[in-house]
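S.K.: Below is my_file-v4.txt; it holds compact mmCIF, C-alpha atoms.
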```txt
# COMPACT_ATOMS: atom_id res chain seq x y z
CA MET A 935 -13.28 1.46 -26.14
CA SER A 936 -13.04 -1.89 -24.37
CA LYS A 937 -9.28 -1.53 -23.78
CA ASN A 938 -8.07 -0.01 -20.51
CA TRP A 939 -6.79 3.45 -21.44
CA ILE A 940 -6.13 4.74 -17.91
CA ASP A 941 -3.09 7.02 -17.97
CA GLN A 942 0.00 5.14 -16.85
CA PRO A 943 3.53 6.18 -15.82
CA LYS A 944 6.69 5.12 -17.63
CA GLN A 945 10.27 4.36 -16.73
CA ILE A 946 12.05 7.25 -15.01
CA ARG A 947 14.04 9.40 -17.44
CA GLU A 948 17.81 9.30 -17.02
CA GLY A 949 18.98 12.07 -14.72
CA GLU A 950 15.56 12.52 -13.12
CA GLU A 951 15.74 9.71 -10.58
CA LEU A 952 14.70 10.25 -6.94
CA ASN A 953 16.47 9.19 -3.76
CA THR A 954 14.02 6.40 -2.97
CA THR A 955 15.73 5.39 0.27
CA ALA A 956 15.45 8.85 1.82
CA LEU A 957 11.96 9.30 0.39
CA GLN A 958 10.66 6.04 1.85
CA GLU A 959 12.01 6.91 5.30
CA TYR A 960 10.37 10.33 5.10
CA LEU A 961 7.04 8.84 4.06
CA LYS A 962 7.12 6.31 6.90
CA THR A 963 7.28 9.20 9.36
CA HIS A 964 4.92 11.69 7.71
CA LEU A 965 2.40 9.44 5.93
CA PRO A 966 2.46 6.31 8.10
CA GLN A 967 -1.00 5.23 6.92
CA TYR A 968 0.58 4.16 3.62
CA GLN A 969 2.51 0.92 4.09
CA GLY A 970 4.72 -1.18 1.83
CA ASP A 971 7.96 -1.00 -0.12
CA LEU A 972 8.24 2.14 -2.22
CA GLU A 973 8.14 1.78 -6.00
CA VAL A 974 8.61 4.90 -8.15
CA HIS A 975 7.69 5.56 -11.79
CA GLN A 976 7.48 8.78 -13.80
CA PHE A 977 4.57 10.21 -15.76
CA PRO A 978 5.67 11.24 -19.26
CA GLY A 979 3.69 14.46 -19.54
CA GLY A 980 4.89 17.90 -18.53
CA ALA A 981 7.92 19.87 -19.62
CA SER A 982 8.38 21.86 -16.42
CA ASN A 983 7.54 20.42 -13.00
CA LEU A 984 8.09 16.66 -12.81
CA THR A 985 5.43 14.14 -11.79
CA TYR A 986 6.04 10.68 -10.32
CA LEU A 987 3.82 7.78 -9.28
CA LEU A 988 4.59 6.36 -5.84
CA LYS A 989 3.36 2.83 -5.13
CA LEU A 990 3.23 1.77 -1.49
CA GLY A 991 1.59 -1.63 -1.23
CA ASP A 992 -1.90 -1.24 -2.73
CA SER A 993 -1.81 2.56 -2.46
CA GLU A 994 -0.87 4.93 -5.26
CA LEU A 995 0.23 8.51 -4.63
CA VAL A 996 1.59 11.23 -6.89
CA LEU A 997 4.68 13.34 -6.17
CA ARG A 998 5.41 16.70 -7.83
CA ARG A 999 8.79 18.40 -7.74
CA PRO A 1000 10.58 21.15 -9.69
CA PRO A 1001 12.76 20.22 -12.68
CA PHE A 1002 16.42 19.37 -12.23
CA GLY A 1003 18.86 22.17 -12.91
CA PRO A 1004 19.38 25.66 -11.45
CA LYS A 1005 16.69 27.25 -9.32
CA ILE A 1006 14.72 30.03 -10.97
CA LYS A 1007 13.51 32.70 -8.58
CA SER A 1008 9.69 32.75 -8.25
CA ALA A 1009 9.35 29.74 -10.59
CA HIS A 1010 8.37 26.15 -9.71
CA ASP A 1011 6.86 27.13 -6.35
CA MET A 1012 5.68 23.82 -4.92
CA SER A 1013 4.21 25.39 -1.80
CA ARG A 1014 2.02 27.66 -3.91
CA GLU A 1015 0.67 24.78 -5.98
CA TYR A 1016 0.03 22.76 -2.82
CA ARG A 1017 -1.78 25.70 -1.24
CA ILE A 1018 -4.10 26.00 -4.24
CA PHE A 1019 -5.14 22.37 -3.90
CA SER A 1020 -5.50 22.62 -0.13
CA ASN A 1021 -7.77 25.67 -0.33
CA LEU A 1022 -9.70 24.63 -3.41
CA ILE A 1023 -10.56 21.04 -2.51
CA ASP A 1024 -13.65 22.04 -0.47
CA TYR A 1025 -14.92 24.47 -3.11
CA TYR A 1026 -14.15 22.77 -6.41
CA PRO A 1027 -14.23 18.96 -6.71
CA LYS A 1028 -12.07 18.60 -9.81
CA VAL A 1029 -8.69 18.75 -8.05
CA PRO A 1030 -6.61 15.95 -6.51
CA THR A 1031 -6.61 15.64 -2.72
CA PRO A 1032 -3.35 17.10 -1.32
CA LEU A 1033 -1.61 15.07 1.40
CA LEU A 1034 1.79 16.48 2.24
CA PHE A 1035 4.17 19.32 1.45
CA CYS A 1036 7.90 18.92 2.16
CA GLU A 1037 10.27 21.89 2.14
CA ASP A 1038 13.25 19.82 3.33
CA GLU A 1039 15.43 19.70 0.21
CA SER A 1040 17.70 17.04 1.72
CA ILE A 1041 15.13 14.33 0.96
CA ILE A 1042 15.12 14.37 -2.87
CA GLY A 1043 17.15 17.50 -3.63
CA ARG A 1044 14.23 19.94 -3.87
CA GLU A 1045 10.96 20.67 -2.13
CA PHE A 1046 7.98 18.57 -3.22
CA TYR A 1047 4.38 17.73 -2.45
CA ILE A 1048 2.33 14.56 -2.51
CA MET A 1049 -1.32 14.09 -3.46
CA GLU A 1050 -3.71 11.24 -3.98
CA ARG A 1051 -3.73 9.76 -7.47
CA LEU A 1052 -6.76 10.46 -9.63
CA LYS A 1053 -7.09 7.51 -11.99
CA GLY A 1054 -8.56 8.22 -15.35
CA VAL A 1055 -7.95 8.81 -19.04
CA ILE A 1056 -5.78 11.61 -20.44
CA LEU A 1057 -5.90 12.53 -24.12
CA ARG A 1058 -2.45 13.42 -25.44
CA SER A 1059 -1.27 14.40 -28.90
CA THR A 1060 0.97 11.32 -28.87
CA MET A 1061 -1.71 8.77 -27.96
CA PRO A 1062 -2.14 5.75 -30.28
CA LYS A 1063 -4.78 6.05 -32.98
CA GLU A 1064 -6.79 3.16 -31.56
CA MET A 1065 -7.37 5.36 -28.52
CA TYR A 1066 -8.96 8.15 -30.59
CA PRO A 1067 -12.57 8.75 -29.51
CA ALA A 1068 -15.29 8.43 -32.15
CA PRO A 1069 -16.50 11.80 -33.51
CA ASP A 1070 -19.66 11.93 -31.36
CA LEU A 1071 -17.67 11.08 -28.23
CA MET A 1072 -14.97 13.57 -29.14
CA ARG A 1073 -17.63 16.24 -29.57
CA GLY A 1074 -18.92 15.52 -26.07
CA ILE A 1075 -15.43 15.61 -24.59
CA GLY A 1076 -14.73 18.95 -26.26
CA ALA A 1077 -17.94 20.44 -24.89
CA SER A 1078 -17.07 19.15 -21.42
CA LEU A 1079 -13.59 20.67 -21.64
CA ILE A 1080 -15.04 24.10 -22.41
CA ASN A 1081 -17.81 23.88 -19.81
CA THR A 1082 -15.30 22.87 -17.15
CA LEU A 1083 -13.22 25.95 -17.93
CA VAL A 1084 -16.34 28.08 -17.51
CA GLU A 1085 -17.02 26.33 -14.18
CA LEU A 1086 -13.47 27.03 -13.02
CA HIS A 1087 -13.78 30.72 -13.86
CA ALA A 1088 -16.99 30.87 -11.80
CA VAL A 1089 -15.37 29.53 -8.60
CA ASP A 1090 -15.64 31.91 -5.63
CA TYR A 1091 -11.89 32.20 -5.13
CA LYS A 1092 -12.27 34.63 -2.24
CA ALA A 1093 -14.46 32.21 -0.30
CA ALA A 1094 -11.82 29.53 -0.97
CA GLY A 1095 -9.17 31.74 0.65
CA LEU A 1096 -7.32 32.37 -2.60
CA GLY A 1097 -7.90 36.10 -2.81
CA GLU A 1098 -4.19 36.78 -2.25
CA LEU A 1099 -3.10 34.34 -4.97
CA GLY A 1100 -2.79 37.13 -7.53
CA ARG A 1101 -3.44 40.81 -8.25
CA PRO A 1102 -6.22 41.09 -10.83
CA GLU A 1103 -5.86 44.86 -11.27
CA GLY A 1104 -3.30 45.55 -13.97
CA TYR A 1105 -2.95 41.82 -14.65
CA ASN A 1106 -2.91 42.11 -18.45
CA GLU A 1107 -0.24 44.80 -18.53
CA ARG A 1108 1.99 42.86 -16.13
CA GLN A 1109 1.55 39.70 -18.19
CA VAL A 1110 2.56 41.32 -21.47
CA ARG A 1111 5.49 43.11 -19.87
CA GLY A 1112 6.61 40.09 -17.86
CA TRP A 1113 6.49 37.54 -20.66
CA THR A 1114 8.29 39.93 -22.99
CA LYS A 1115 11.07 40.27 -20.43
CA ARG A 1116 11.22 36.49 -19.97
CA TYR A 1117 11.60 36.02 -23.69
CA TYR A 1118 14.60 38.31 -23.98
CA ASN A 1119 16.16 36.77 -20.88
CA SER A 1120 15.95 33.30 -22.45
CA GLN A 1121 16.50 34.19 -26.11
CA THR A 1122 18.83 31.95 -28.08
CA ASP A 1123 17.84 32.58 -31.72
CA ASP A 1124 16.83 35.66 -33.71
CA VAL A 1125 13.06 35.28 -34.28
CA LYS A 1126 11.71 38.48 -35.83
CA GLU A 1127 8.07 37.44 -35.35
CA MET A 1128 8.56 37.22 -31.58
CA VAL A 1129 9.76 40.82 -31.55
CA ALA A 1130 6.86 42.02 -33.72
CA VAL A 1131 4.24 40.19 -31.64
CA SER A 1132 5.57 41.51 -28.33
CA GLU A 1133 5.47 45.07 -29.69
CA TRP A 1134 1.90 44.61 -30.98
CA LEU A 1135 0.68 43.28 -27.64
CA THR A 1136 2.15 46.29 -25.85
CA LYS A 1137 0.55 48.76 -28.25
CA ASN A 1138 -2.85 47.01 -28.25
CA LEU A 1139 -3.09 46.18 -24.55
CA LEU A 1140 -6.64 45.58 -23.28
CA PRO A 1141 -7.95 46.27 -19.77
CA GLU A 1142 -9.07 43.28 -17.71
CA SER A 1143 -12.47 41.83 -18.62
CA GLY A 1144 -12.94 40.60 -15.05
CA ALA A 1145 -11.21 38.60 -12.32
CA SER A 1146 -11.34 34.81 -11.87
CA LEU A 1147 -9.26 31.91 -10.70
CA ILE A 1148 -7.44 31.00 -13.91
CA HIS A 1149 -5.38 27.91 -14.70
CA ASN A 1150 -3.07 29.34 -17.38
CA ASP A 1151 -2.29 25.96 -18.97
CA TYR A 1152 -5.73 24.48 -19.59
CA LYS A 1153 -5.79 21.83 -22.34
CA TYR A 1154 -6.68 18.20 -22.99
CA ASP A 1155 -3.58 16.66 -21.45
CA ASN A 1156 -4.09 18.61 -18.23
CA VAL A 1157 -7.52 17.15 -17.50
CA ILE A 1158 -8.43 13.63 -16.38
CA LEU A 1159 -11.48 11.93 -17.90
CA ASP A 1160 -13.68 9.40 -16.14
CA GLU A 1161 -12.63 5.99 -17.44
CA LYS A 1162 -16.30 4.91 -17.69
CA ASP A 1163 -17.56 8.11 -19.34
CA TRP A 1164 -14.97 10.15 -21.16
CA THR A 1165 -17.31 13.13 -21.42
CA LYS A 1166 -16.95 13.63 -17.63
CA ILE A 1167 -13.87 15.48 -16.37
CA ILE A 1168 -12.88 14.32 -12.88
CA GLY A 1169 -9.75 16.37 -12.37
CA ILE A 1170 -7.58 19.24 -13.56
CA LEU A 1171 -3.79 18.88 -13.30
CA ASP A 1172 -0.66 21.08 -13.42
CA TRP A 1173 -1.69 24.20 -11.54
CA GLU A 1174 1.79 25.71 -11.35
CA MET A 1175 0.80 28.82 -13.32
CA ALA A 1176 -2.64 29.32 -11.75
CA THR A 1177 -3.45 32.78 -10.41
CA ILE A 1178 -6.21 35.37 -10.13
CA GLY A 1179 -6.56 37.25 -13.39
CA ASP A 1180 -8.52 37.94 -16.56
CA PRO A 1181 -10.47 34.79 -17.55
CA LEU A 1182 -10.22 35.70 -21.23
CA MET A 1183 -6.44 35.53 -20.97
CA ASP A 1184 -6.95 31.94 -19.77
CA LEU A 1185 -9.21 31.25 -22.75
CA GLY A 1186 -6.56 32.70 -25.06
CA THR A 1187 -3.99 30.29 -23.68
CA SER A 1188 -6.33 27.35 -24.28
CA LEU A 1189 -7.00 28.52 -27.83
CA CYS A 1190 -3.30 28.71 -28.63
CA TYR A 1191 -3.05 24.94 -28.09
CA TRP A 1192 -6.01 24.36 -30.42
CA THR A 1193 -4.81 23.25 -33.84
CA ASN A 1194 -7.44 23.02 -36.57
CA PRO A 1195 -7.37 20.29 -39.26
CA ASN A 1196 -7.00 22.96 -41.95
CA ASP A 1197 -3.96 24.57 -40.31
CA PRO A 1198 -0.70 24.04 -42.23
CA ASP A 1199 1.13 20.75 -41.73
CA TRP A 1200 4.00 22.44 -39.91
CA VAL A 1201 1.52 23.81 -37.36
CA GLN A 1202 -0.02 20.39 -36.82
CA GLN A 1203 3.45 18.88 -36.36
CA LEU A 1204 3.89 20.99 -33.23
CA SER A 1205 1.55 18.42 -31.60
CA LEU A 1206 0.22 20.88 -29.04
CA SER A 1207 -3.01 18.99 -28.30
CA PRO A 1208 -5.18 16.29 -29.94
CA THR A 1209 -7.63 18.84 -31.32
CA THR A 1210 -7.58 17.67 -34.95
CA ILE A 1211 -9.38 14.42 -34.12
CA PRO A 1212 -12.77 14.46 -35.92
CA GLY A 1213 -15.54 15.73 -33.67
CA ASN A 1214 -13.49 18.53 -32.11
CA PRO A 1215 -14.82 22.07 -32.44
CA SER A 1216 -12.64 24.57 -34.27
CA ARG A 1217 -10.86 27.44 -32.47
CA GLU A 1218 -13.64 29.84 -33.38
CA GLU A 1219 -16.28 27.37 -32.21
CA VAL A 1220 -14.41 26.91 -28.91
CA ALA A 1221 -14.45 30.68 -28.35
CA ASN A 1222 -18.16 30.90 -29.22
CA LEU A 1223 -19.07 27.95 -26.99
CA TYR A 1224 -17.18 29.56 -24.11
CA ALA A 1225 -18.94 32.89 -24.70
CA ALA A 1226 -22.36 31.23 -24.80
CA ALA A 1227 -21.75 29.31 -21.56
CA SER A 1228 -20.09 32.16 -19.67
CA GLY A 1229 -21.85 35.21 -21.06
CA ARG A 1230 -18.50 36.94 -21.62
CA ASP A 1231 -17.78 39.31 -24.52
CA ILE A 1232 -15.19 37.80 -26.89
CA SER A 1233 -15.17 40.56 -29.51
CA ASN A 1234 -11.44 41.10 -28.86
CA ILE A 1235 -10.57 37.40 -28.99
CA VAL A 1236 -7.63 37.99 -31.37
CA PHE A 1237 -5.71 39.83 -28.64
CA TYR A 1238 -6.18 36.97 -26.17
CA TYR A 1239 -5.29 34.34 -28.76
CA VAL A 1240 -2.13 36.20 -29.81
CA PHE A 1241 -1.09 36.64 -26.19
CA GLY A 1242 -1.65 32.93 -25.57
CA LEU A 1243 0.58 31.98 -28.51
CA PHE A 1244 3.26 34.43 -27.41
CA LYS A 1245 3.23 33.23 -23.79
CA ILE A 1246 3.50 29.55 -24.72
CA ALA A 1247 6.27 30.39 -27.19
CA VAL A 1248 8.18 32.00 -24.31
CA VAL A 1249 7.60 28.96 -22.08
CA VAL A 1250 8.93 26.74 -24.86
CA GLN A 1251 11.89 29.08 -25.35
CA GLN A 1252 12.76 28.84 -21.65
CA ILE A 1253 12.64 25.05 -21.83
CA TYR A 1254 14.77 25.05 -24.98
CA LYS A 1255 17.39 27.26 -23.34
CA ARG A 1256 17.50 24.88 -20.36
CA TYR A 1257 18.22 22.04 -22.79
CA LYS A 1258 20.75 23.99 -24.83
CA THR A 1259 22.70 24.99 -21.72
CA GLY A 1260 22.81 21.39 -20.52
CA HIS A 1261 20.39 21.71 -17.60
CA SER A 1262 18.01 19.18 -19.13
CA THR A 1263 18.79 16.00 -21.07
CA ASN A 1264 15.25 15.28 -22.25
CA PRO A 1265 15.70 14.66 -26.02
CA LYS A 1266 12.23 15.95 -26.89
CA PHE A 1267 13.42 19.46 -25.96
CA ALA A 1268 16.14 19.49 -28.63
CA SER A 1269 13.99 20.92 -31.42
CA MET A 1270 11.82 23.24 -29.38
CA ASN A 1271 13.36 26.30 -31.04
CA HIS A 1272 11.32 25.37 -34.12
CA ALA A 1273 8.16 25.42 -32.02
CA VAL A 1274 9.00 28.94 -30.85
CA LYS A 1275 9.24 30.04 -34.47
CA GLY A 1276 6.00 28.30 -35.42
CA LEU A 1277 3.97 29.72 -32.55
CA SER A 1278 5.19 33.24 -33.25
CA VAL A 1279 4.38 32.94 -36.96
CA MET A 1280 0.83 31.87 -36.04
CA ALA A 1281 0.51 34.87 -33.74
CA HIS A 1282 1.81 37.23 -36.40
CA GLN A 1283 -0.66 35.87 -38.96
CA ALA A 1284 -3.56 36.29 -36.52
CA ILE A 1285 -2.56 39.94 -36.09
CA GLN A 1286 -2.29 40.52 -39.84
CA LYS A 1287 -5.66 38.91 -40.60
CA ASN A 1288 -7.43 39.97 -37.38
CA LYS A 1289 -8.92 36.53 -36.80
CA ILE A 1290 -8.10 33.20 -35.14
CA GLU A 1291 -8.94 30.83 -38.00
CA ASN A 1292 -7.91 30.31 -41.63
CA LEU A 1293 -4.64 32.15 -41.05
CA PHE A 1294 -2.80 30.80 -44.10
```
Please express the file's structure as structure tokens.
M.R.:
Amino acid sequence: MSKNWIDQPKQIREGEELNTTALQEYLKTHLPQYQGDLEVHQFPGGASNLTYLLKLGDSELVLRRPPFGPKIKSAHDMSREYRIFSNLIDYYPKVPTPLLFCEDESIIGREFYIMERLKGVILRSTMPKEMYPAPDLMRGIGASLINTLVELHAVDYKAAGLGELGRPEGYNERQVRGWTKRYYNSQTDDVKEMVAVSEWLTKNLLPESGASLIHNDYKYDNVILDEKDWTKIIGILDWEMATIGDPLMDLGTSLCYWTNPNDPDWVQQLSLSPTTIPGNPSREEVANLYAAASGRDISNIVFYYVFGLFKIAVVVQQIYKRYKTGHSTNPKFASMNHAVKGLSVMAHQAIQKNKIENLF
């Protein structure tokens, strides 16, 4: 691992450029401590909110803004994400330092916030094979990923001033109902498994197992690893769906990204996360490791796993509809309808077999 694998931005995607002139003038006034000509690049990850690297002399900052296209009520709330960082920074060290929130949409077309850049390594499903960690290292990274999720769920969110971030009572019912509604509002194709899974979740709804600060999109490419020791997580990214809710629903979302090496090829082609690299625990092992570290009862893990698959399928469906209606030109979104089908088939199989592994 002698090569520098620190996560780097790429060229800005066509149609997602920023007004650098207006942005630089704004930064001169509101962040005058950062000097130099503004240089902007775009990080490749993320299919929802957009992330850019801002270089000002020797300083590097990160800007987050909503996607281009029509505004969606209650979605892509930059002020909410900025508030989470601002409140959490003194209580949980694995978040970037927030610097500035801008609600003036005349600067770059939408509201945005700026934070300090956390430099480190990010494991993505598309990373080159020479970047793959050795099995022992991968095992350590996997254990760190799970332990960090347990740490996050143990944060005293009330002490951090985040008690009003969500309503933990009735959270599970609202989630099932809400994501079902979102699916039908964004539906483009007839996917019978999506219908069957949504009906099963409604009929088999579980009460909340507890209340925690939950991330709702926790996976390898949303954590930053220490460049000198990849088993140490130095930051968690992409908090746009964070709230107060059932921690096992958060675990279910993480599990739905976890592809096993013995899953069918078409499942592995979804490229949800680099979990098939040797050394990774299996889905069942992830759940058991989480239970051992947290002390939580995972006897109903199938429900949480199925919900996670369904929710991510809906997110993907929303992105696909945005592409199909011309509100996004990102070519990687063009085949996301196949991912919706695949995720729902996985969920349906988990229901039929009442387990989260060996589904085919």
S.K.: Between A:Asn1214, A:Glu951, A:Gly1179, A:Gly1003, which has the minimum distance to Gly1260 of chain A (counting all atoms listed in the file)?
M.R.: A:Gly1003
S.K.: Measuring between only C-alpha atoms, which one of A:Leu984, A:Val974, A:Leu997, A:Leu957 shows the shortest distance to Ser1040 of chain A?
M.R.: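 Checking each candidate against Ser1040 of chain A, we get A:Leu957 as the closest.
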S.K.: For atom CA of Cys1190 of chain A and atom CA of Leu1293 of chain A, determine how far apart the two atoms are, in Å to one decimal place.
M.R.: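 Interatomic distance, atom CA of Cys1190 of chain A to atom CA of Leu1293 of chain A: 13.0 Å.
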S.K.: Name the closest residue to Asp1151 of chain A among the candidates A:Ile1048, A:Leu1139, A:Val1129, A:Leu1083; distances are taken between atoms, counting all atoms listed in the file.
M.R.: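 Of A:Ile1048, A:Leu1139, A:Val1129, A:Leu1083, the one nearest Asp1151 of chain A is A:Leu1083, counting all atoms listed in the file.
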S.K.: Which residues are near Asn1081 of chain A? Cut-off 9 Å, all atoms listed in the file, ignore same chain within fewer than 5 positions. Put them as an NGL selection string.
M.R.: :A and (1076 or 1086 or 1223-1224 or 1227-1228)
S.K.: Between A:Asp1199, A:Leu1140, A:Trp1173, A:Leu1033, which has the minimum distance to Ser1233 of chain A (counting all atoms listed in the file)?
M.R.: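 Among A:Asp1199, A:Leu1140, A:Trp1173, A:Leu1033, it is A:Leu1140 that comes nearest to Ser1233 of chain A.
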S.K.: Name the residues, using the chain letters and numbers of the file, that sit within 10 Å of (18.1, 13.5, -18.2) when counting all atoms listed in the file, and give them as a compact mmCIF listing (two decimals) with C-alpha atoms, in the coordinates of the input.
M.R.:
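As written to disk, out-v8.txt reads:
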```
# COMPACT_ATOMS: atom_id res chain seq x y z
CA ILE A 946 12.05 7.25 -15.01
CA ARG A 947 14.04 9.40 -17.44
CA GLU A 948 17.81 9.30 -17.02
CA GLY A 949 18.98 12.07 -14.72
CA GLU A 950 15.56 12.52 -13.12
CA GLU A 951 15.74 9.71 -10.58
CA PHE A 1002 16.42 19.37 -12.23
CA TYR A 1257 18.22 22.04 -22.79
CA GLY A 1260 22.81 21.39 -20.52
CA HIS A 1261 20.39 21.71 -17.60
CA SER A 1262 18.01 19.18 -19.13
CA THR A 1263 18.79 16.00 -21.07
CA ASN A 1264 15.25 15.28 -22.25
CA PRO A 1265 15.70 14.66 -26.02
```
S.K.: Between A:Leu972, A:Leu1189, A:Ala1221, A:Met1128, which has the minimum distance to Gly1242 of chain A (counting all atoms listed in the file)?
M.R.: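 Under the stated criterion, the closest residue is A:Leu1189.
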S.K.: Would you compute the distance between atom CA of Ser1146 of chain A and atom CA of Asn983 of chain A? Give it in Å to one decimal.
M.R.: 23.8 Å
S.K.: Which is closest to Ile1178 of chain A among A:Ala1225, A:Val1089, A:Val1131, A:Val1274, if we use all atoms listed in the file?
M.R.: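 Among the listed residues, A:Val1089 lies closest to Ile1178 of chain A.
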